[in-house]
Structure formats: structure tokens, C-alpha cells
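Below: the structure, in C-alpha cells.
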Amino acid sequence: MSALGTSPGPEIAIIGGGFAGLCMGMLLKRAGIDRFTIFEKGSRLGGTWRDNAYPGAACDVPSLAYCFSFEPKVDWSRLWAPQREILSYIDDCAEKWDLQRHVRLGVEIAKAEFDGSAARWRLQTATGEQISADVVVSAVGQLNRPSTPHVPGIEGFAGTTFHSARWPEGRSLEGERVAVVGNAASAVQIVPAIAPRVRSLHVFQRSANWLLPKNDRALSSIERSTFLAVPPAARLARWLTWSEQEARFPLIRKNWLMARVATWMATRHLEEQVADPVLRRQLTPDYAIGAKRILISDDYYPALQRPNVKLVTSPLERATRDGLVTRDGQSIAVDAIVFATGFDSTAFLAPMHVAGSHGRLLADAWRGGARGYLGISVAGFPNLFLLYGPNTNLGHNSILFMLECQSRYVVACLQEMTRRGLASMDVREDVQAEYDLGVQEALAKTVWCDVDRSWYRHASGRITNNWPHSTISYFMRTRRVVLGRYQLHPRSTRSNEISAAPARHDRL
């Protein structure tokens with residue numbers, strides 16, 4: 001049974017309705033491919049921007065670079081867009097490109113298995129519905145499964161607890177005693193937003209983070225009207241914004257001059273905003289800048305110095321009925337605990353059960369850490385394409401650039417499948433291994449290897465998330481499909497079975 005349409009061409013199942021799924025759908029439409037369905041487990045589109053609706057949520061990439069090049073938004077309200085505005089942009093794109101009729105909301109794909117005899121994927125939803133498709137595109141991203149640490153005794157805590165990505169609608173925390181566990185990207189936005197209205201706020205810090213000024217401000221009416229009236233001016237501003245972000249890449253490759261400049265800027269920002277020498281020492285990292293995600297904020301340091309806010313650096317040991325206890329014996333009474341502890345970023349498609357050729361499990365193929373060719377294709381899993389897959393995250397620029405590269409590449413693969421009458425294409429094992437070796441060798445030269453623990457690393461120690469080169473390099477590598485790097489299986493003219501003919505290794 002198929003739930004994906006009746007027009008010619010491959011039937012495509014896109015799993016995930018965030019920016020990745022949106023980009024894939026839009027570029028399919030632009031290519032004239034209409035036979036696809038976007039399966040979204042949530043009640044609306046939006047992905048991480050739907051889930052992360054906590055107070056103060058905003059983008060940490062400049063607004064002008066945080067939109068698609070083929071669908072620019074030039075009337076942002078601020079230099080750094082707030083969450084609601086980004087969600088509105090997603091809705092506008094879906095409406096303009098007529099994606100809503102392709103979307104099935106509230107449908108979670110729990111299982112995907114490749115049927116080699118028919119060259120089709122058999123999908124099963126969490127409710128047991130059976131769906132089939134020729135091609136599966138995973139657009140679930142890297143930041144969709146909240147990571148909540150287990151705190152001994154938390155079951156007996158009398159107050160409320162929740163993860164920042166599951167913020168209860170309408171929960172203001174007004175007048176409450178609050179603990180925020182974590183001090184990274186989400187926390188630096190939440191803490192300044194809630195500090196003025198809570199009774200007390202304790203921020204639990206495991207390790208300090210490098211933090212640079214955001215220099216956020218509202219875009220003037222003149223700027224917005226100019227961008228709307230003069231499109232070339234908007235394109236130039238976007239290009240300059242992208243170039244400024246891209247110029248930071250040498251820091252990742254341990255450029256000593258850039259590292260010194262960035263360290264000086266972050267240290268100066270800390271010294272200008274924090275006068276207390278004790279607090280300043282607590283907020284000074286003990287690792288090279290860039291080894292973990294660099295944070296940006298204008299108001300996090302000032303918020304920590306409010307009389308009702310305290311930074312806690314002693315490790316969290318256990319919870320009691322009334323609050324939290326630290327390793328050094330502090331007993332902190334709280335009414336609510338917010339876990340701003342990030343995501344299980346290295347699990348990728350988990351907990352989805354995915355089986356490829358001959359029943360090979362993706363979980364087994366990725367034991368020790370995820371890997372794939374271009375972060376898009378995985379050997380042994382024909383007609384499965386990943387967006388924002390292994391080693392495609394960035395530490396210096398907009399992920400939407402990478403999503404565009406990946407989506408265009410997938411469209412090109414689909415066009416080749418249609419043009420050549422292919423039942424399936426599967427990246428060769430030796431090609432993937434050679435590619436992965438090159439990525440890991442490049443990663444070994446980055447500042448990310450200077451720390452043993454970060455959200456970029458799998459439990460094995462392997463860096464599974466980040467791309468070790470420039471975005472230009474990724475664009476060049478994905479600009480065309482080299483079919484010789486794939487096992488190609490033509491579709492039989494007499495049946496739906498895969499032909500026994502040898503794989504073709506054409507090069508474009």
C-alpha cells in the first residue's frame with residue numbers, strides 16, 4: 001500500500017517537517033517533482049523552532065543568513081531573529097510553495113525497512129499504519145531528542161521539572177524559585193528572559209563557555225524598506241553576512257592569530273560586563289576557544305549579577321522533595337527545575353528502527369558512531385538520503401546553507417534515477433570508507449579535538465556531528481552527483497524486481 005500519490009516518478013517519503021524537510025519539499029517542487037509526502041510527528045511544521053519555544057528563544061545565526069537563498073526574507077525585525085518570527089517564516093514558505101497538501105501531521109515513523117525484492121521502503125508508523133515508498137529522505141535533524149540527565153531522587157521532587165525544549169505553554173515562572181540546570185546555548189537565552197520575574201534563580205554550570213557579544217538590535221524601518229524595495233541591496237547584505245560568518249572558519253582549524261583575537265574579544269566582553277573577580281574566574285573556560293560551541297549574548301553576564309540570581313559551580317548531586325543538593329553540601333530550595341541540557345545529538349535517526357539491504361540494521365552500521373558519504377548516503381541502505389546527517393553540522397555558519405546543498409544533491413539523485421530507470425542507488429562501501437577517513441583526518445586537525453567531551457562527540461570519542469571544512473568546500477563536493485560512486489540497479493521492464501545486471505559506474 002502506498003500513501004504517496006499516483007503521478008510518474010519515484011514515490012518519496014520525507015521524515016520530518018522542520019527546516020530540512022521544508023527545504024527538501026520546496027526544491028522538489030521547483031524541480032517539478034510532486035510525488036512526495038512529509039511525515040511530521042508534531043502537531044505543526046517547524047521542527048526545532050516549534051519545540052524550542054522557551055522564553056528568550058532566538059537564532060544564533062544572523063537573520064539575513066538564516067533563510068533560504070531561493071526564498072529570502074528581508075523584513076526581519078531584528079539582526080538576530082526571535083523564535084516566533086522564524087516559525088512564521090516556515091509557515092509562509094509552506095504556504096507559498098503549496099506544501100501543506102503534502103504534509104501529514106501527527107504521524108511518527110517508527111520503522112523503515114528496505115524490501116530488496118521490490119526496491120521499496122516499507123514504513124510503519126507509531127500507530128501501526130503501513131506505508132511504502134521508493135525513496136526515503138530523513139529530515140529529522142540532529143537536535144530533536146532532548147537529553148535530560150538523571151538526577152538521583154528527582155522522582156520525589158515535589159515541584160515541576162521540564163526540559164527547555166518541552167517548555168509548558170503559558171508557564172511564566174512568575175514569583176517562583178527556579179533552578180536552570182545547564183549554561184550553554186539555551187540557558188544563555190532563558191536566564192536573562194526569566195531572571196527579572198522569578199523570585200530566585202540558581203544556574204547550575206558544569207563548565208564555563210566562551211561567550212561573545214551578540215550586538216543585537218532592531219532593524220530600522222529604513223533598512224527593511226530598502227531591502228524590500230531594492231532586492232540587490234538585500235542580496236548584497238545577505239552575502240556580506242554569510243561572508244562574515246565564513247571568515248571565522250580558520251578559528252576551527254587552529255589559526256593562531258584568529259584564536260588570539262577571538263580569545264581577546266571574549267575575555268574583554270567578560271571583563272567589561274563582570275566586575276567581581278570570583279564570578280569572572282568561574283565564567284572563564286579552561287579550554288581553547290572554539291573547542292566547544294561559542295555562545296553569543298549581550299545580557300547573560302548582566303543577568304547572572306542580579307541580586308536574585310546565583311551561579312552554582314559545584315556539581316549537582318541529588319534532588320530532594322524541596323529542591324536540589326550539590327556535591328559541596330549546598331541545599332537549594334526550588335519550585336521548578338528547567339533542564340537546559342541540550343540534545344542527544346549523536347543518535348541521529350534513533351529511536352527509529354531502520355533496516356537496509358539484507359536486513360542490515362542502521363544501529364549496527366553506526367555502532368561506534370554515525371558515518372555516511374557526504375553525510376547524505378549510507379552504504380547498505382539504498383534509496384535512503386539524509387539531511388543534516390553525520391558530519392554536516394557547522395561551528396561557524398548557517399546550517400541552512402548545508403541543507404540547500406544536501407537537498408539539491410538529493411534532487412539530482414532522484415532525477416538521475418528517473419532518467420536512467422533505476423530501481424535503486426546505494427553508495428559503495430569503499431567510497432564511503434575513503435570519504436569518512438578523509439573527514440576524520442581533517443577533524444583531527446580541528447580545535448574540536450582539544451576537548452574530550454562535547455555534544456559533537458559520540459560516546460566512543462568519535463566526532464560524528466561536525467563538518468571540518470568550509471561551507472564552500474561542501475558546496476563544491478555536492479554540486480554534482482558522481483554515479484560511479486554508487487551501486488546502480490536498473491528497474492526491470494517486466495516486474496518491480498531489481499535487475500540482476502551489473503551495477504553501472506557512470507561518471508558525470
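Each chain in the C-alpha cells gets a letter, A, B, ..., in the order shown, and its residues are numbered from 1; ligands are numbered from 1 in order too.
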
| Contacts of segment 263-271 of chain A at 12 Å or less, counting only C-alpha atoms, minus same-chain residues fewer than 6 places along, as a PyMOL selection string? | chain A and resi 208-215+251+256-257+277-291+294-302+304

Next, dump the selected residues to file, keeping only N, CA and C atoms, as a CSV table (one decimal), in the first residue's frame.
```
chain,number,residue,atom,x,y,z
A,208,ALA,N,32.5,26.3,32.2
A,208,ALA,CA,32.3,27.6,31.6
A,208,ALA,C,32.4,27.6,30.1
A,209,ASN,N,31.7,28.5,29.4
A,209,ASN,CA,31.7,28.6,28.0
A,209,ASN,C,32.3,29.9,27.5
A,210,TRP,N,32.9,29.9,26.4
A,210,TRP,CA,33.4,31.1,25.7
A,210,TRP,C,32.1,31.8,25.2
A,211,LEU,N,32.1,33.1,25.4
A,211,LEU,CA,30.9,33.9,25.1
A,211,LEU,C,31.3,35.2,24.4
A,212,LEU,N,30.7,35.5,23.3
A,212,LEU,CA,31.0,36.8,22.6
A,212,LEU,C,29.7,37.6,22.6
A,213,PRO,N,29.9,38.9,22.4
A,213,PRO,CA,28.8,39.8,22.4
A,213,PRO,C,27.9,39.6,21.1
A,214,LYS,N,26.6,39.7,21.3
A,214,LYS,CA,25.7,39.4,20.1
A,214,LYS,C,25.5,40.7,19.3
A,215,ASN,N,25.5,41.8,20.0
A,215,ASN,CA,25.3,43.2,19.4
A,215,ASN,C,23.9,43.1,18.6
A,251,LEU,N,39.4,29.7,12.6
A,251,LEU,CA,39.5,29.5,14.0
A,251,LEU,C,39.3,28.0,14.3
A,256,TRP,N,46.3,30.5,14.7
A,256,TRP,CA,46.7,31.1,16.0
A,256,TRP,C,46.3,32.5,16.1
A,257,LEU,N,46.4,33.3,15.0
A,257,LEU,CA,46.0,34.7,15.0
A,257,LEU,C,44.5,34.9,15.3
A,277,PRO,N,35.8,39.5,40.7
A,277,PRO,CA,36.8,38.6,40.2
A,277,PRO,C,36.5,37.2,40.4
A,278,VAL,N,35.8,36.9,41.5
A,278,VAL,CA,35.4,35.5,41.7
A,278,VAL,C,34.5,34.9,40.7
A,279,LEU,N,33.4,35.7,40.4
A,279,LEU,CA,32.5,35.3,39.3
A,279,LEU,C,33.2,35.3,38.0
A,280,ARG,N,34.1,36.2,37.7
A,280,ARG,CA,34.8,36.2,36.5
A,280,ARG,C,35.6,34.9,36.3
A,281,ARG,N,36.3,34.5,37.4
A,281,ARG,CA,37.1,33.2,37.3
A,281,ARG,C,36.1,32.1,37.0
A,282,GLN,N,35.0,32.1,37.6
A,282,GLN,CA,34.0,31.0,37.4
A,282,GLN,C,33.5,30.9,36.0
A,283,LEU,N,33.5,32.1,35.3
A,283,LEU,CA,33.0,32.1,34.0
A,283,LEU,C,34.1,32.0,32.9
A,284,THR,N,35.3,31.8,33.3
A,284,THR,CA,36.4,31.7,32.4
A,284,THR,C,36.7,30.3,32.0
A,285,PRO,N,36.5,29.9,30.8
A,285,PRO,CA,36.8,28.5,30.3
A,285,PRO,C,38.2,28.1,30.5
A,286,ASP,N,38.4,26.8,30.6
A,286,ASP,CA,39.8,26.2,30.7
A,286,ASP,C,40.2,25.5,29.5
A,287,TYR,N,39.6,25.8,28.3
A,287,TYR,CA,39.9,25.1,27.1
A,287,TYR,C,40.0,26.2,26.0
A,288,ALA,N,40.6,25.8,24.8
A,288,ALA,CA,40.8,26.8,23.7
A,288,ALA,C,39.4,27.2,23.2
A,289,ILE,N,39.3,28.4,22.8
A,289,ILE,CA,38.1,29.0,22.2
A,289,ILE,C,37.8,28.2,20.9
A,290,GLY,N,36.5,27.8,20.8
A,290,GLY,CA,36.1,27.1,19.6
A,290,GLY,C,36.0,25.6,19.8
A,291,ALA,N,36.7,25.1,20.9
A,291,ALA,CA,36.6,23.6,21.1
A,291,ALA,C,35.2,23.1,21.4
A,294,ILE,N,30.8,28.2,20.6
A,294,ILE,CA,30.9,29.5,21.1
A,294,ILE,C,29.5,30.1,21.3
A,295,LEU,N,29.2,30.7,22.4
A,295,LEU,CA,27.9,31.3,22.7
A,295,LEU,C,28.0,32.8,22.4
A,296,ILE,N,26.8,33.3,22.1
A,296,ILE,CA,26.7,34.8,21.9
A,296,ILE,C,25.6,35.3,22.8
A,297,SER,N,25.8,36.4,23.5
A,297,SER,CA,24.8,37.1,24.3
A,297,SER,C,25.2,38.4,24.7
A,298,ASP,N,24.3,39.3,24.8
A,298,ASP,CA,24.5,40.7,25.3
A,298,ASP,C,24.1,40.8,26.8
A,299,ASP,N,23.2,39.9,27.2
A,299,ASP,CA,22.6,40.1,28.5
A,299,ASP,C,22.8,38.9,29.5
A,300,TYR,N,23.5,37.8,29.1
A,300,TYR,CA,23.6,36.7,30.1
A,300,TYR,C,24.5,37.1,31.3
A,301,TYR,N,25.6,37.7,31.0
A,301,TYR,CA,26.5,38.1,32.2
A,301,TYR,C,25.8,39.1,33.1
A,302,PRO,N,25.1,40.1,32.6
A,302,PRO,CA,24.4,41.0,33.5
A,302,PRO,C,23.3,40.3,34.3
A,304,LEU,N,23.3,37.2,35.4
A,304,LEU,CA,23.9,36.5,36.5
A,304,LEU,C,24.3,37.3,37.7
```

Based on the backbone DSSP call, show me all residues of segment 219-282 of chain A assigned alpha helix (DSSP H), as an NGL selection string. :A and (221-229 or 231-246 or 249-252 or 256-273 or 277-282)

Kindly export the residues of the current selection with N, CA and C atoms, as a compact mmCIF listing (two decimals), in the first residue's frame.
```txt
# COMPACT_ATOMS: atom_id res chain seq x y z
N SER A 221 13.37 50.86 10.13
CA SER A 221 12.38 50.85 9.06
C SER A 221 13.03 51.20 7.73
N ILE A 222 14.06 52.01 7.77
CA ILE A 222 14.78 52.37 6.54
C ILE A 222 15.48 51.14 5.97
N GLU A 223 16.14 50.37 6.84
CA GLU A 223 16.83 49.16 6.38
C GLU A 223 15.84 48.18 5.76
N ARG A 224 14.75 47.95 6.44
CA ARG A 224 13.78 46.98 5.93
C ARG A 224 13.12 47.45 4.64
N SER A 225 12.77 48.72 4.57
CA SER A 225 12.14 49.22 3.36
C SER A 225 13.12 49.21 2.19
N THR A 226 14.39 49.47 2.47
CA THR A 226 15.41 49.43 1.41
C THR A 226 15.57 48.02 0.88
N PHE A 227 15.64 47.04 1.79
CA PHE A 227 15.78 45.65 1.36
C PHE A 227 14.58 45.19 0.54
N LEU A 228 13.38 45.64 0.93
CA LEU A 228 12.18 45.26 0.19
C LEU A 228 12.11 45.93 -1.17
N ALA A 229 12.52 47.20 -1.24
CA ALA A 229 12.41 47.96 -2.49
C ALA A 229 13.57 47.70 -3.45
N PRO A 231 15.98 44.73 -4.12
CA PRO A 231 16.43 43.35 -3.89
C PRO A 231 17.95 43.16 -3.98
N PRO A 232 18.65 43.83 -4.92
CA PRO A 232 20.10 43.65 -4.95
C PRO A 232 20.78 44.08 -3.64
N ALA A 233 20.22 45.08 -2.97
CA ALA A 233 20.78 45.52 -1.69
C ALA A 233 20.60 44.43 -0.64
N ALA A 234 19.46 43.75 -0.66
CA ALA A 234 19.22 42.66 0.28
C ALA A 234 20.15 41.48 -0.01
N ARG A 235 20.36 41.19 -1.31
CA ARG A 235 21.25 40.08 -1.66
C ARG A 235 22.69 40.40 -1.24
N LEU A 236 23.09 41.65 -1.41
CA LEU A 236 24.44 42.06 -1.00
C LEU A 236 24.59 41.94 0.52
N ALA A 237 23.58 42.39 1.26
CA ALA A 237 23.64 42.32 2.72
C ALA A 237 23.70 40.86 3.18
N ARG A 238 22.94 40.01 2.50
CA ARG A 238 22.97 38.58 2.83
C ARG A 238 24.34 37.99 2.55
N TRP A 239 24.92 38.33 1.39
CA TRP A 239 26.23 37.80 1.03
C TRP A 239 27.29 38.28 2.01
N LEU A 240 27.22 39.54 2.41
CA LEU A 240 28.20 40.06 3.37
C LEU A 240 28.06 39.37 4.72
N THR A 241 26.82 39.09 5.12
CA THR A 241 26.58 38.39 6.38
C THR A 241 27.15 36.99 6.33
N TRP A 242 26.87 36.28 5.23
CA TRP A 242 27.42 34.93 5.06
C TRP A 242 28.94 34.97 5.05
N SER A 243 29.53 35.92 4.36
CA SER A 243 30.99 36.02 4.25
C SER A 243 31.61 36.30 5.62
N GLU A 244 30.97 37.14 6.39
CA GLU A 244 31.48 37.45 7.73
C GLU A 244 31.49 36.19 8.60
N GLN A 245 30.42 35.40 8.51
CA GLN A 245 30.38 34.16 9.27
C GLN A 245 31.42 33.16 8.77
N GLU A 246 31.56 33.07 7.45
CA GLU A 246 32.50 32.12 6.86
C GLU A 246 33.94 32.47 7.21
N PHE A 249 35.94 30.58 9.93
CA PHE A 249 36.30 29.18 9.82
C PHE A 249 37.75 28.89 10.23
N PRO A 250 38.74 29.72 9.88
CA PRO A 250 40.13 29.40 10.28
C PRO A 250 40.30 29.17 11.78
N LEU A 251 39.42 29.74 12.60
CA LEU A 251 39.50 29.51 14.04
C LEU A 251 39.34 28.02 14.34
N ILE A 252 38.46 27.36 13.60
CA ILE A 252 38.22 25.93 13.81
C ILE A 252 39.44 25.11 13.45
N TRP A 256 46.28 30.48 14.68
CA TRP A 256 46.70 31.06 15.96
C TRP A 256 46.30 32.53 16.09
N LEU A 257 46.37 33.27 14.98
CA LEU A 257 46.03 34.69 15.04
C LEU A 257 44.55 34.88 15.33
N MET A 258 43.72 34.13 14.62
CA MET A 258 42.28 34.26 14.84
C MET A 258 41.91 33.79 16.24
N ALA A 259 42.57 32.74 16.73
CA ALA A 259 42.30 32.25 18.08
C ALA A 259 42.64 33.32 19.12
N ARG A 260 43.75 34.01 18.91
CA ARG A 260 44.14 35.06 19.86
C ARG A 260 43.15 36.22 19.83
N VAL A 261 42.72 36.59 18.63
CA VAL A 261 41.76 37.69 18.50
C VAL A 261 40.42 37.32 19.15
N ALA A 262 39.94 36.11 18.85
CA ALA A 262 38.66 35.67 19.41
C ALA A 262 38.73 35.55 20.92
N THR A 263 39.84 35.02 21.43
CA THR A 263 40.01 34.91 22.89
C THR A 263 40.03 36.29 23.53
N TRP A 264 40.72 37.23 22.90
CA TRP A 264 40.78 38.60 23.42
C TRP A 264 39.38 39.22 23.44
N MET A 265 38.61 39.03 22.37
CA MET A 265 37.27 39.61 22.31
C MET A 265 36.37 39.03 23.40
N ALA A 266 36.43 37.70 23.58
CA ALA A 266 35.59 37.07 24.59
C ALA A 266 36.02 37.48 26.00
N THR A 267 37.32 37.55 26.22
CA THR A 267 37.82 37.94 27.54
C THR A 267 37.47 39.39 27.84
N ARG A 268 37.59 40.24 26.84
CA ARG A 268 37.23 41.64 27.03
C ARG A 268 35.74 41.79 27.34
N HIS A 269 34.91 41.03 26.64
CA HIS A 269 33.47 41.07 26.89
C HIS A 269 33.16 40.66 28.33
N LEU A 270 33.84 39.62 28.81
CA LEU A 270 33.64 39.16 30.18
C LEU A 270 34.10 40.23 31.18
N GLU A 271 35.26 40.81 30.93
CA GLU A 271 35.80 41.80 31.86
C GLU A 271 34.97 43.08 31.89
N GLU A 272 34.42 43.46 30.75
CA GLU A 272 33.60 44.67 30.70
C GLU A 272 32.27 44.49 31.42
N GLN A 273 31.75 43.26 31.42
CA GLN A 273 30.42 43.04 31.98
C GLN A 273 30.43 42.45 33.39
N PRO A 277 35.78 39.55 40.66
CA PRO A 277 36.85 38.64 40.21
C PRO A 277 36.53 37.17 40.43
N VAL A 278 35.77 36.85 41.48
CA VAL A 278 35.41 35.45 41.74
C VAL A 278 34.47 34.94 40.66
N LEU A 279 33.42 35.70 40.37
CA LEU A 279 32.48 35.30 39.32
C LEU A 279 33.18 35.26 37.97
N ARG A 280 34.08 36.18 37.74
CA ARG A 280 34.80 36.22 36.47
C ARG A 280 35.63 34.94 36.28
N ARG A 281 36.29 34.49 37.36
CA ARG A 281 37.06 33.25 37.28
C ARG A 281 36.14 32.06 37.00
N GLN A 282 34.98 32.06 37.64
CA GLN A 282 34.04 30.96 37.43
C GLN A 282 33.54 30.91 35.99
```

Need to verify the contact set: Ile194 of chain A, 8 Å, only C-alpha atoms, exclusion of same-chain residues closer than 2 positions in sequence. Can you return it as JSON, numbers by chain? {"A": [55, 172, 173, 190, 191, 192, 196, 197, 198]}

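Residue nearest Leu64 of chain A, chosen from A:Ala412, A:Ile38, A:Ala13, A:Leu219 and counting only C-alpha atoms: A:Leu219.
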
Here atom CA of Phe70 of chain A and atom CA of Ser88 of chain A stand apart by 17.1 Å

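Proximity to segment 421-432 of chain A at 7 Å, evaluated using only C-alpha atoms and with sequence-adjacent residues fewer than 4 positions away removed, yields Ala119, Gly372, Tyr373, Ser377, Val378, Ala379, Gly380, Phe381, Pro382, Asn383, Met417, Asp436, Arg485, Tyr486, Gln487, Leu488, His489, Pro490, Arg491 and Ile498 of chain A.
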
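Shortest separation to Cys59 of chain A among A:Ser407, A:Gln330, A:Asn308, A:Ser186 occurs at residue A:Ser186, atoms counted being only C-alpha atoms.
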
Practice prompt. For Ser454 of chain A, please output as a ChimeraX atom specification all residues within 10 Å (counting only C-alpha atoms; exclusion window: fewer than 6 positions along the same chain).
Written response: /A:291-293,448,461,463

Dump C-alpha atoms for the selected residues as a PDB file, in the first residue's frame?
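result27.pdb written:
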```
ATOM      1  CA  ALA A 291      36.635  23.638  21.084  1.00  0.00           C
ATOM      2  CA  LYS A 292      33.021  23.754  22.256  1.00  0.00           C
ATOM      3  CA  ARG A 293      30.226  25.808  20.797  1.00  0.00           C
ATOM      4  CA  TRP A 448      37.188  20.307  18.481  1.00  0.00           C
ATOM      5  CA  GLY A 461      35.082   9.585  21.266  1.00  0.00           C
ATOM      6  CA  ILE A 463      33.329  13.333  16.316  1.00  0.00           C
TER       7      ILE A 463
END
```

Using only C-alpha atoms, the best pick from A:Val482, A:Ile376, A:Val338, A:Val137 as closest to Ala112 of chain A would be A:Val137

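Shortest separation to Leu22 of chain A among A:Arg321, A:Arg306, A:His469, A:Lys96 occurs at residue A:Lys96, atoms counted being only C-alpha atoms.
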
Quiz item: Can you list, as an NGL selection string, every protein, DNA or RNA residue that comes within 7 Å of Val180 of chain A when you count only C-alpha atoms, leaving out same-chain residues fewer than 3 positions away?
Solution: :A and (202-204 or 337-340)
